[in-house]
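Visitor: Got a structure for you, upload_39.cif, holding mmCIF, C-alpha atoms and all ligand atoms.
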data_run
loop_
_atom_site.label_atom_id
_atom_site.label_comp_id
_atom_site.auth_asym_id
_atom_site.auth_seq_id
_atom_site.Cartn_x
_atom_site.Cartn_y
_atom_site.Cartn_z
CA MET M 1253 -3.08 31.09 0.94
CA HIS M 1254 -4.31 29.69 4.21
CA LYS M 1255 -8.07 29.53 4.50
CA THR M 1256 -9.75 29.27 7.89
CA LYS M 1257 -12.81 27.09 7.97
CA VAL M 1258 -15.75 28.89 9.55
CA SER M 1259 -18.70 26.89 10.77
CA ARG M 1260 -22.24 27.85 9.83
CA ALA M 1261 -22.95 28.89 13.41
CA GLN M 1262 -19.82 31.06 13.53
CA ARG M 1263 -20.71 32.69 10.22
CA THR M 1264 -24.25 33.43 11.39
CA TYR M 1265 -22.80 34.92 14.56
CA LEU M 1266 -20.37 37.12 12.61
CA VAL M 1267 -23.01 38.34 10.17
CA ARG M 1268 -25.47 38.95 12.99
CA THR M 1269 -23.09 40.91 15.16
CA SER M 1270 -21.55 42.93 12.34
CA LEU M 1271 -25.00 43.93 11.05
CA LEU M 1272 -26.46 44.26 14.54
CA LEU M 1273 -29.23 41.79 13.73
CA PRO M 1274 -31.27 40.09 16.45
CA LEU M 1275 -31.35 36.30 16.64
CA GLY M 1276 -33.88 34.80 14.26
CA HIS M 1277 -33.84 37.82 11.93
CA PRO M 1278 -35.23 36.87 8.47
CA PHE M 1279 -31.94 37.85 6.85
CA LEU M 1280 -30.20 35.08 8.76
CA GLU M 1281 -32.79 32.40 8.15
CA PRO M 1282 -34.61 33.55 5.04
CA ASN M 1283 -36.87 30.51 4.70
CA ARG M 1284 -37.27 29.07 8.13
CA SER M 1285 -38.42 32.23 9.87
CA LEU M 1286 -41.16 33.08 7.38
CA SER M 1287 -44.21 31.56 8.98
CA LEU M 1288 -47.21 30.11 7.21
CA VAL M 1289 -50.01 32.63 7.08
CA VAL M 1290 -52.53 30.82 4.89
CA LYS M 1291 -52.91 27.09 4.40
CA LEU M 1292 -55.63 25.38 2.41
CA ASP M 1293 -55.97 21.57 2.46
CA HIS M 1294 -58.06 20.03 -0.31
CA VAL M 1295 -60.67 22.74 -0.22
CA GLU M 1296 -63.86 22.14 -2.13
CA LYS M 1297 -66.71 24.56 -2.54
CA SER M 1298 -69.93 23.84 -4.30
CA TYR M 1299 -73.02 25.95 -4.72
CA GLN M 1300 -76.47 24.54 -5.14
CA LEU M 1301 -78.53 26.36 -7.72
CA GLY M 1302 -81.90 24.62 -7.78
CA LYS M 1303 -81.09 21.14 -9.02
CA THR M 1304 -77.70 22.10 -10.36
CA THR M 1305 -74.52 21.84 -8.33
CA VAL M 1306 -71.72 24.23 -9.27
CA ASN M 1307 -68.32 22.96 -8.18
CA ALA M 1308 -66.52 26.28 -7.84
CA LEU M 1309 -63.41 24.86 -6.08
CA ARG M 1310 -62.40 21.25 -6.64
CA GLY M 1311 -59.67 20.34 -4.20
CA VAL M 1312 -57.52 23.44 -3.76
CA SER M 1313 -54.37 23.14 -1.63
CA LEU M 1314 -52.16 26.12 -1.05
CA SER M 1315 -49.62 27.56 1.37
CA LEU M 1316 -48.77 31.23 1.62
CA ARG M 1317 -45.99 32.53 3.81
CA GLU M 1318 -45.47 35.82 5.55
CA ARG M 1319 -44.92 38.76 3.16
CA GLU M 1320 -45.44 36.77 -0.03
CA PHE M 1321 -46.92 38.65 -2.98
CA VAL M 1322 -48.83 36.20 -5.16
CA VAL M 1323 -51.15 36.46 -8.12
CA VAL M 1324 -53.98 34.20 -9.27
CA MET M 1325 -54.99 34.33 -12.92
CA GLY M 1326 -57.58 32.40 -14.86
CA PRO M 1327 -60.70 32.77 -16.94
CA SER M 1328 -63.98 34.15 -15.75
CA GLY M 1329 -66.02 31.68 -13.72
CA SER M 1330 -63.00 29.53 -12.82
CA GLY M 1331 -63.36 30.07 -9.06
CA LYS M 1332 -60.98 32.95 -8.30
CA THR M 1333 -63.41 35.12 -6.35
CA THR M 1334 -64.68 32.05 -4.49
CA LEU M 1335 -61.11 31.32 -3.43
CA LEU M 1336 -60.59 34.88 -2.16
CA ASN M 1337 -63.91 34.81 -0.30
CA ILE M 1338 -62.96 31.56 1.39
CA ILE M 1339 -59.52 32.77 2.45
CA GLY M 1340 -61.15 36.05 3.52
CA THR M 1341 -63.62 34.10 5.73
CA LEU M 1342 -66.58 35.57 3.83
CA ASP M 1343 -67.63 32.13 2.72
CA ARG M 1344 -67.30 28.66 4.23
CA VAL M 1345 -65.85 25.57 2.54
CA SER M 1346 -67.95 22.54 1.56
CA SER M 1347 -65.07 20.26 2.50
CA GLY M 1348 -61.38 20.56 3.32
CA ARG M 1349 -59.63 22.87 5.74
CA VAL M 1350 -58.51 26.50 5.86
CA LEU M 1351 -55.90 27.55 8.39
CA LEU M 1352 -55.08 31.20 9.01
CA GLU M 1353 -51.92 31.51 11.05
CA GLY M 1354 -52.45 27.91 12.10
CA ASN M 1355 -56.05 28.39 13.25
CA ASP M 1356 -58.73 26.28 11.61
CA ILE M 1357 -61.37 28.79 10.56
CA GLY M 1358 -63.91 26.02 9.99
CA LYS M 1359 -64.02 25.61 13.76
CA MET M 1360 -64.69 29.27 14.49
CA ARG M 1361 -68.06 30.80 15.23
CA ASP M 1362 -69.35 33.74 13.18
CA GLY M 1363 -68.47 36.26 15.90
CA GLU M 1364 -64.88 35.02 16.03
CA LEU M 1365 -64.67 35.14 12.25
CA THR M 1366 -65.88 38.74 12.18
CA LYS M 1367 -63.16 39.67 14.64
CA LEU M 1368 -60.51 37.78 12.72
CA ARG M 1369 -61.61 39.39 9.46
CA ARG M 1370 -61.52 42.84 11.00
CA HIS M 1371 -58.02 42.48 12.42
CA LYS M 1372 -56.22 40.08 10.15
CA ILE M 1373 -57.62 40.58 6.67
CA GLY M 1374 -57.75 43.54 4.32
CA PHE M 1375 -59.82 43.59 1.14
CA ILE M 1376 -59.44 45.56 -2.08
CA PHE M 1377 -62.04 45.23 -4.82
CA GLN M 1378 -62.17 46.22 -8.48
CA PHE M 1379 -64.55 49.03 -7.71
CA HIS M 1380 -62.94 50.40 -4.55
CA ASN M 1381 -66.19 50.20 -2.49
CA LEU M 1382 -65.47 53.38 -0.57
CA ILE M 1383 -68.38 54.86 1.33
CA PRO M 1384 -69.56 57.71 -0.90
CA VAL M 1385 -70.67 60.08 1.88
CA LEU M 1386 -67.39 59.82 3.79
CA THR M 1387 -64.19 61.69 2.94
CA ALA M 1388 -60.96 59.88 2.09
CA LEU M 1389 -59.76 60.39 5.65
CA GLU M 1390 -63.03 59.12 7.17
CA ASN M 1391 -63.05 56.08 4.88
CA VAL M 1392 -59.61 55.06 6.14
CA GLN M 1393 -60.48 55.88 9.76
CA LEU M 1394 -63.63 53.76 9.72
CA PRO M 1395 -62.07 50.27 10.05
CA LEU M 1396 -59.88 51.61 12.85
CA LEU M 1397 -62.83 53.05 14.74
CA THR M 1398 -64.87 49.84 14.35
CA SER M 1399 -62.01 47.87 15.87
CA GLY M 1400 -61.90 50.13 18.90
CA VAL M 1401 -59.04 52.53 18.16
CA ASN M 1402 -59.74 55.99 19.60
CA THR M 1403 -60.58 58.85 17.26
CA LYS M 1404 -57.30 60.69 17.62
CA GLN M 1405 -55.15 57.63 16.97
CA ALA M 1406 -57.39 56.54 14.10
CA GLU M 1407 -56.99 59.95 12.51
CA GLU M 1408 -53.23 59.86 12.94
CA ARG M 1409 -52.87 56.41 11.42
CA ALA M 1410 -55.25 57.27 8.55
CA LYS M 1411 -53.26 60.42 7.76
CA ILE M 1412 -49.98 58.50 7.75
CA LEU M 1413 -51.39 55.85 5.43
CA LEU M 1414 -52.95 58.38 3.08
CA GLY M 1415 -49.64 60.22 3.05
CA ARG M 1416 -47.83 57.04 2.06
CA VAL M 1417 -50.18 56.50 -0.87
CA GLY M 1418 -49.57 60.08 -1.96
CA LEU M 1419 -52.90 61.56 -0.93
CA SER M 1420 -51.99 63.99 1.83
CA GLY M 1421 -53.56 66.73 -0.26
CA ARG M 1422 -56.87 64.89 -0.67
CA LEU M 1423 -57.86 64.05 2.89
CA ASN M 1424 -61.19 65.84 2.79
CA HIS M 1425 -62.24 64.83 -0.71
CA LEU M 1426 -65.27 62.60 -1.17
CA PRO M 1427 -64.73 59.49 -3.32
CA ASP M 1428 -66.45 60.99 -6.36
CA GLU M 1429 -64.13 63.99 -6.15
CA LEU M 1430 -61.19 61.63 -6.69
CA SER M 1431 -59.92 59.91 -9.84
CA GLY M 1432 -60.21 56.10 -10.20
CA GLY M 1433 -56.55 55.66 -9.32
CA GLU M 1434 -56.86 57.93 -6.28
CA GLN M 1435 -59.94 56.04 -5.09
CA GLN M 1436 -58.01 52.80 -5.35
CA ARG M 1437 -55.16 54.35 -3.33
CA VAL M 1438 -57.65 55.23 -0.60
CA ALA M 1439 -58.87 51.62 -0.76
CA ILE M 1440 -55.28 50.40 -0.25
CA ALA M 1441 -54.84 52.66 2.76
CA ARG M 1442 -58.18 51.53 4.16
CA ALA M 1443 -57.39 47.83 3.63
CA LEU M 1444 -54.11 48.19 5.52
CA ALA M 1445 -55.45 50.38 8.32
CA ASN M 1446 -55.69 47.61 10.93
CA ARG M 1447 -52.30 46.12 9.96
CA PRO M 1448 -53.81 42.94 8.48
CA ARG M 1449 -51.69 39.82 8.01
CA ILE M 1450 -53.36 39.14 4.67
CA LEU M 1451 -54.36 41.49 1.90
CA LEU M 1452 -56.80 40.09 -0.64
CA ALA M 1453 -57.49 41.96 -3.86
CA ASP M 1454 -60.04 41.03 -6.53
CA GLU M 1455 -59.16 42.58 -9.89
CA PRO M 1456 -57.85 45.77 -8.24
CA THR M 1457 -56.67 47.30 -11.51
CA GLY M 1458 -59.56 46.06 -13.64
CA ASP M 1459 -61.07 49.50 -13.91
CA LEU M 1460 -57.84 51.49 -14.41
CA ASP M 1461 -55.69 52.39 -17.41
CA THR M 1462 -52.28 50.72 -17.68
CA LYS M 1463 -50.26 53.60 -16.24
CA THR M 1464 -52.56 54.09 -13.26
CA GLY M 1465 -52.81 50.33 -12.78
CA THR M 1466 -49.02 50.07 -12.64
CA GLU M 1467 -48.85 52.81 -10.01
CA VAL M 1468 -51.54 51.15 -7.93
CA VAL M 1469 -49.77 47.76 -8.03
CA GLU M 1470 -46.43 49.33 -7.12
CA LEU M 1471 -48.11 51.01 -4.18
CA MET M 1472 -49.79 47.81 -3.08
CA TYR M 1473 -46.45 46.06 -3.26
CA GLU M 1474 -44.55 48.70 -1.30
CA MET M 1475 -47.26 49.23 1.28
CA ALA M 1476 -47.80 45.50 1.86
CA LYS M 1477 -44.08 44.83 2.26
CA ARG M 1478 -43.81 47.72 4.65
CA GLU M 1479 -46.73 46.45 6.73
CA ASN M 1480 -45.55 42.80 6.51
CA ALA M 1481 -48.78 41.68 4.86
CA THR M 1482 -49.11 38.60 2.67
CA VAL M 1483 -50.84 39.54 -0.57
CA MET M 1484 -53.02 37.54 -2.92
CA ILE M 1485 -54.29 39.33 -6.01
CA VAL M 1486 -56.75 37.96 -8.51
CA THR M 1487 -56.16 39.61 -11.85
CA HIS M 1488 -56.18 39.47 -15.63
CA ASP M 1489 -53.68 42.27 -15.76
CA PRO M 1490 -50.14 41.48 -17.01
CA VAL M 1491 -48.87 44.55 -15.15
CA VAL M 1492 -49.89 42.95 -11.85
CA ALA M 1493 -48.54 39.55 -12.86
CA LYS M 1494 -45.13 41.09 -13.56
CA ARG M 1495 -44.86 42.07 -9.92
CA ALA M 1496 -45.79 38.60 -8.63
CA GLU M 1497 -43.38 36.48 -6.65
CA ARG M 1498 -45.53 33.42 -7.35
CA ILE M 1499 -48.21 32.94 -9.97
CA PHE M 1500 -51.13 30.54 -9.74
CA GLU M 1501 -53.57 29.64 -12.44
CA MET M 1502 -57.17 28.73 -11.73
CA ARG M 1503 -59.00 26.50 -14.22
CA ASP M 1504 -62.41 25.00 -13.50
CA GLY M 1505 -61.90 25.16 -9.76
CA ILE M 1506 -58.42 23.65 -9.83
CA LEU M 1507 -55.45 25.75 -8.79
CA THR M 1508 -51.95 25.13 -10.11
CA GLU M 1509 -48.78 27.08 -9.50
CA THR M 1510 -46.93 28.16 -12.61
CA SER M 1511 -43.42 29.50 -12.74
CA THR M 1512 -42.88 33.21 -13.17
CA SER M 1513 -40.46 32.55 -16.04
CA GLU M 1514 -40.88 33.92 -19.55
CA VAL M 1515 -42.38 30.63 -20.75
CA SER M 1516 -45.33 30.74 -18.42
CA PHE M 1517 -45.98 34.37 -19.30
CA HIS M 1518 -46.99 33.27 -22.79
CA ARG M 1519 -49.54 30.97 -21.27
CA ILE M 1520 -50.80 33.65 -18.93
CA ARG M 1521 -51.19 36.12 -21.78
CA ALA M 1522 -53.42 33.57 -23.47
CA VAL M 1523 -55.60 33.54 -20.35
CA GLU M 1524 -55.84 37.32 -20.29
CA GLN M 1525 -57.18 37.49 -23.80
CA LEU M 1526 -60.44 35.95 -22.69
CA PRO M 1527 -63.39 38.35 -22.46
CA PRO M 1528 -63.48 40.54 -19.35
CA GLU M 1529 -65.44 39.37 -16.34
CA PRO M 1530 -68.94 40.62 -15.68
CA GLU M 1531 -68.94 43.56 -13.28
CA LYS M 1532 -70.33 41.55 -10.43
CA THR M 1533 -70.22 37.79 -9.97
CA LEU M 1534 -72.71 36.18 -7.67
CA SER M 1535 -70.02 35.63 -5.10
CA GLN M 1536 -68.80 39.24 -5.02
CA PRO M 1537 -68.88 40.14 -1.35
CA ASN M 1538 -70.76 43.41 -1.48
P1 LIG Z 1601 -64.29 33.95 -11.02
O1 LIG Z 1601 -64.05 34.91 -9.91
O2 LIG Z 1601 -63.09 33.16 -11.42
O3 LIG Z 1601 -64.94 34.58 -12.20
P2 LIG Z 1601 -66.27 32.81 -9.22
O4 LIG Z 1601 -65.46 32.32 -8.07
O5 LIG Z 1601 -67.00 34.07 -9.06
O6 LIG Z 1601 -65.32 32.83 -10.52
O7 LIG Z 1601 -67.30 31.67 -9.62
C1 LIG Z 1601 -66.94 30.31 -9.81
C2 LIG Z 1601 -68.20 29.51 -10.19
O8 LIG Z 1601 -69.08 29.45 -9.09
C3 LIG Z 1601 -68.99 30.15 -11.32
O9 LIG Z 1601 -69.52 29.12 -12.10
C4 LIG Z 1601 -70.07 30.92 -10.58
O10 LIG Z 1601 -71.20 31.06 -11.39
C5 LIG Z 1601 -70.32 30.04 -9.39
N1 LIG Z 1601 -70.76 30.81 -8.21
C6 LIG Z 1601 -70.03 31.74 -7.56
N2 LIG Z 1601 -70.70 32.23 -6.50
C7 LIG Z 1601 -71.90 31.58 -6.48
C8 LIG Z 1601 -73.05 31.64 -5.62
N3 LIG Z 1601 -73.10 32.45 -4.56
N4 LIG Z 1601 -74.08 30.80 -5.92
C9 LIG Z 1601 -74.02 29.98 -6.96
N5 LIG Z 1601 -72.98 29.86 -7.82
C10 LIG Z 1601 -71.92 30.67 -7.58
MG MG Z 1602 -64.31 36.99 -9.86
#
Can you turn what I pasted into structure tokens?
Ligand code: ADP
Ligand code: MG

Guide:
Amino acid sequence: MHKTKVSRAQRTYLVRTSLLLPLGHPFLEPNRSLSLVVKLDHVEKSYQLGKTTVNALRGVSLSLREREFVVVMGPSGSGKTTLLNIIGTLDRVSSGRVLLEGNDIGKMRDGELTKLRRHKIGFIFQFHNLIPVLTALENVQLPLLTSGVNTKQAEERAKILLGRVGLSGRLNHLPDELSGGEQQRVAIARALANRPRILLADEPTGDLDTKTGTEVVELMYEMAKRENATVMIVTHDPVVAKRAERIFEMRDGILTETSTSEVSFHRIRAVEQLPPEPEKTLSQPN
């Protein structure tokens, strides 16, 4: 049978026009069009405790692209929270460079960092950190209001987000009138309120049972994909690791990427069996 040779450009054109895709759509250029959101170059972080120096990060390099869903595992005290705090601009590096969407955050002033954090970064913690005197709706509205969105629009967006996490029926509940899983859902909605580019989560399922933890991770995954956020989760939880597109392991301040294959899961399980982390590390940002 006669076969017509179609050039790459012709094929792209045919696929694009038959699927009505705009030029540059990710489907057409799956790798090239996904931009770098986070880039760390040889980042070191040390803390001075009296005469002792703690080297929490010892030369971490990392690139995360748009919409990636990655997990960092590793024993307690290995530097995971420090890494999140540095990417989240809550802490500054001792040496090395951090670029967020190509901008060197080491060169930014505190005011600029606050703005960047407010608009580009969402945080989820192990213990949700909701404001106890505010309802679910108000908790999600708050980051919108502080970034200048008007009350009506903030309420609309908060309701949509709470609806997506399955809490339309709980808008006026206070945090302690919600279950742990529900509180964490509110925290997800709150973290995504300002459409951040990066979602950082520190042990988000650490306080939940397996079933609830699974639901929360699935929600984080769906919501983040929907909002085009890049996600980095620090966890000991195999349920979270199963969802990961890339897995990193932190050991003594050194980060290595492991494959998500079966083989590396055995290694990761060994990491998880270590004793749980203390409720609050010194570097917990709250
Ligand atoms: P992980 O989250 O993996 O448990 P952390 O990033 O919290 O680890 O801590 C890494 C190391 O840095 C630990 O030895 C910890 O004690 C130390 N550390 C973290 N934050 C501080 C701080 N603010 N001051 C001094 N040492 C700290
Ligand atoms: Mg930690």

Visitor: Just give me the gap between atom CA of M:Gly1311 and atom CA of M:Gly1363 in Å, one decimal is fine.

Guide: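 Rounded to one decimal, the two atoms are 27.1 Å apart.
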
Visitor: Excluding M:Val1323 and residues on its chain fewer than 6 positions from it, collect all residues at most 9 Å away from it, counting all atoms listed in the file, and give them as a PDB file with C-alpha atoms, keeping the file's coordinate frame.

Guide:
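Done, and the output landed in around-v9.pdb:
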ATOM      1  CA  VAL M1483     -50.840  39.540  -0.570  1.00  0.00           C
ATOM      2  CA  MET M1484     -53.020  37.540  -2.920  1.00  0.00           C
ATOM      3  CA  ILE M1485     -54.290  39.330  -6.010  1.00  0.00           C
ATOM      4  CA  VAL M1486     -56.750  37.960  -8.510  1.00  0.00           C
ATOM      5  CA  THR M1487     -56.160  39.610 -11.850  1.00  0.00           C
ATOM      6  CA  VAL M1492     -49.890  42.950 -11.850  1.00  0.00           C
ATOM      7  CA  ALA M1493     -48.540  39.550 -12.860  1.00  0.00           C
ATOM      8  CA  ARG M1495     -44.860  42.070  -9.920  1.00  0.00           C
ATOM      9  CA  ALA M1496     -45.790  38.600  -8.630  1.00  0.00           C
ATOM     10  CA  GLU M1497     -43.380  36.480  -6.650  1.00  0.00           C
ATOM     11  CA  ARG M1498     -45.530  33.420  -7.350  1.00  0.00           C
ATOM     12  CA  ILE M1499     -48.210  32.940  -9.970  1.00  0.00           C
ATOM     13  CA  PHE M1500     -51.130  30.540  -9.740  1.00  0.00           C
ATOM     14  CA  GLU M1501     -53.570  29.640 -12.440  1.00  0.00           C
TER      15      GLU M1501
END

Visitor: With distances taken over only C-alpha atoms and all ligand atoms, which of M:Leu1266, M:Leu1394, M:Val1258, M:Leu1342 is nearest to ligand LIG 1601 (chain Z)?

Guide: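 The answer is M:Leu1342, which sits nearest to ligand LIG 1601 (chain Z).
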
Visitor: Please report as JSON lines every residue of chain M lying within 8 Å of ligand LIG 1601 (chain Z), along with the nearest atom pair and their distance in Å (one decimal), using only C-alpha atoms and all ligand atoms.

Guide:
{"residue": "M:Ser1298", "atom": "CA", "partner": "Z:LIG1601", "partner_atom": "O8", "distance": 7.4}
{"residue": "M:Tyr1299", "atom": "CA", "partner": "Z:LIG1601", "partner_atom": "C9", "distance": 4.7}
{"residue": "M:Gln1300", "atom": "CA", "partner": "Z:LIG1601", "partner_atom": "C9", "distance": 6.2}
{"residue": "M:Leu1301", "atom": "CA", "partner": "Z:LIG1601", "partner_atom": "C9", "distance": 5.8}
{"residue": "M:Val1306", "atom": "CA", "partner": "Z:LIG1601", "partner_atom": "O8", "distance": 5.9}
{"residue": "M:Asn1307", "atom": "CA", "partner": "Z:LIG1601", "partner_atom": "O8", "distance": 6.6}
{"residue": "M:Ala1308", "atom": "CA", "partner": "Z:LIG1601", "partner_atom": "O8", "distance": 4.3}
{"residue": "M:Leu1309", "atom": "CA", "partner": "Z:LIG1601", "partner_atom": "C1", "distance": 7.5}
{"residue": "M:Gly1326", "atom": "CA", "partner": "Z:LIG1601", "partner_atom": "O2", "distance": 6.5}
{"residue": "M:Pro1327", "atom": "CA", "partner": "Z:LIG1601", "partner_atom": "O2", "distance": 6.0}
{"residue": "M:Ser1328", "atom": "CA", "partner": "Z:LIG1601", "partner_atom": "O3", "distance": 3.7}
{"residue": "M:Gly1329", "atom": "CA", "partner": "Z:LIG1601", "partner_atom": "O3", "distance": 3.4}
{"residue": "M:Ser1330", "atom": "CA", "partner": "Z:LIG1601", "partner_atom": "O2", "distance": 3.9}
{"residue": "M:Gly1331", "atom": "CA", "partner": "Z:LIG1601", "partner_atom": "O4", "distance": 3.2}
{"residue": "M:Lys1332", "atom": "CA", "partner": "Z:LIG1601", "partner_atom": "O2", "distance": 3.8}
{"residue": "M:Thr1333", "atom": "CA", "partner": "Z:LIG1601", "partner_atom": "O1", "distance": 3.6}
{"residue": "M:Thr1334", "atom": "CA", "partner": "Z:LIG1601", "partner_atom": "O4", "distance": 3.7}
{"residue": "M:Leu1335", "atom": "CA", "partner": "Z:LIG1601", "partner_atom": "O4", "distance": 6.4}
{"residue": "M:Met1502", "atom": "CA", "partner": "Z:LIG1601", "partner_atom": "O2", "distance": 7.4}
{"residue": "M:Asp1504", "atom": "CA", "partner": "Z:LIG1601", "partner_atom": "C1", "distance": 7.9}
{"residue": "M:Gly1505", "atom": "CA", "partner": "Z:LIG1601", "partner_atom": "C1", "distance": 7.2}
{"residue": "M:Glu1529", "atom": "CA", "partner": "Z:LIG1601", "partner_atom": "O3", "distance": 6.4}
{"residue": "M:Thr1533", "atom": "CA", "partner": "Z:LIG1601", "partner_atom": "O5", "distance": 5.0}
{"residue": "M:Leu1534", "atom": "CA", "partner": "Z:LIG1601", "partner_atom": "N2", "distance": 4.6}
{"residue": "M:Ser1535", "atom": "CA", "partner": "Z:LIG1601", "partner_atom": "N2", "distance": 3.7}
{"residue": "M:Gln1536", "atom": "CA", "partner": "Z:LIG1601", "partner_atom": "O5", "distance": 6.8}

Visitor: For each of M:Leu1426, M:Leu1419, M:Val1491, M:Met1325, take the minimum atom-to-atom distance to M:Arg1503, counting all atoms listed in the file, then give the residue where this is smallest.

Guide: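 Of all the options, M:Met1325 lies closest to M:Arg1503.
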
Visitor: Quick one: what's the axis-aligned box for stretch 1372-1376 of chain M, all listed atoms, 8 Å on every side, centre and edges in Å to one decimal, as AutoDock Vina command-line options?

Guide:
--center_x -58.0 --center_y 42.8 --center_z 4.0 --size_x 19.6 --size_y 21.5 --size_z 28.2

Visitor: Give me the residues within 12 Å of M:Phe1375 as a PyMOL selection string, counting all atoms listed in the file and dropping any in the same chain fewer than 3 places off.

Guide: chain M and resi 1333+1336-1337+1339-1342+1369-1372+1378-1382+1395+1436+1438-1456+1472+1481-1486+1536-1538

Visitor: From the options M:Glu1364, M:Ser1347, M:His1488, M:Arg1437, which residue's atoms come nearest to ligand MG 1602 (chain Z), counting all atoms listed in the file?

Guide: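 Going through M:Glu1364, M:Ser1347, M:His1488, M:Arg1437 one by one, the smallest distance to ligand MG 1602 (chain Z) is for M:His1488.
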
Visitor: Can you measure atom CA of M:Gly1421 to atom CA of M:Leu1471 for me? One decimal in Å is fine.

Guide: 17.1 Å

Visitor: I'd like to know which of M:Leu1352, M:Val1312, M:Glu1429, M:Phe1377 is closest to ligand MG 1602 (chain Z), using all atoms listed in the file.

Guide: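 Checking each of M:Leu1352, M:Val1312, M:Glu1429, M:Phe1377 against ligand MG 1602 (chain Z), counting all atoms listed in the file, the winner is M:Phe1377.
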
Visitor: As an exercise, work out the distance from atom CA of M:Asp1459 to atom CA of M:Gly1415 in Å and give it to one decimal place.

Guide: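 Computing the Euclidean distance for atom CA of M:Asp1459 and atom CA of M:Gly1415 yields 23.1 Å.
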
Visitor: Which one is closest to ligand MG 1602 (chain Z): M:Gly1458, M:Ala1406, M:Glu1479, M:Leu1316? Count only C-alpha atoms and all ligand atoms.

Guide: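 Ranked by minimum distance to ligand MG 1602 (chain Z), first place goes to M:Gly1458.
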
Visitor: Out of M:Gly1354, M:Gly1302, M:Gly1400, M:Pro1490, which residue has the shortest atom-to-atom distance to M:Val1290 when counting all atoms listed in the file?

Guide: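 Of the candidates, the smallest distance to M:Val1290 is held by M:Gly1354.
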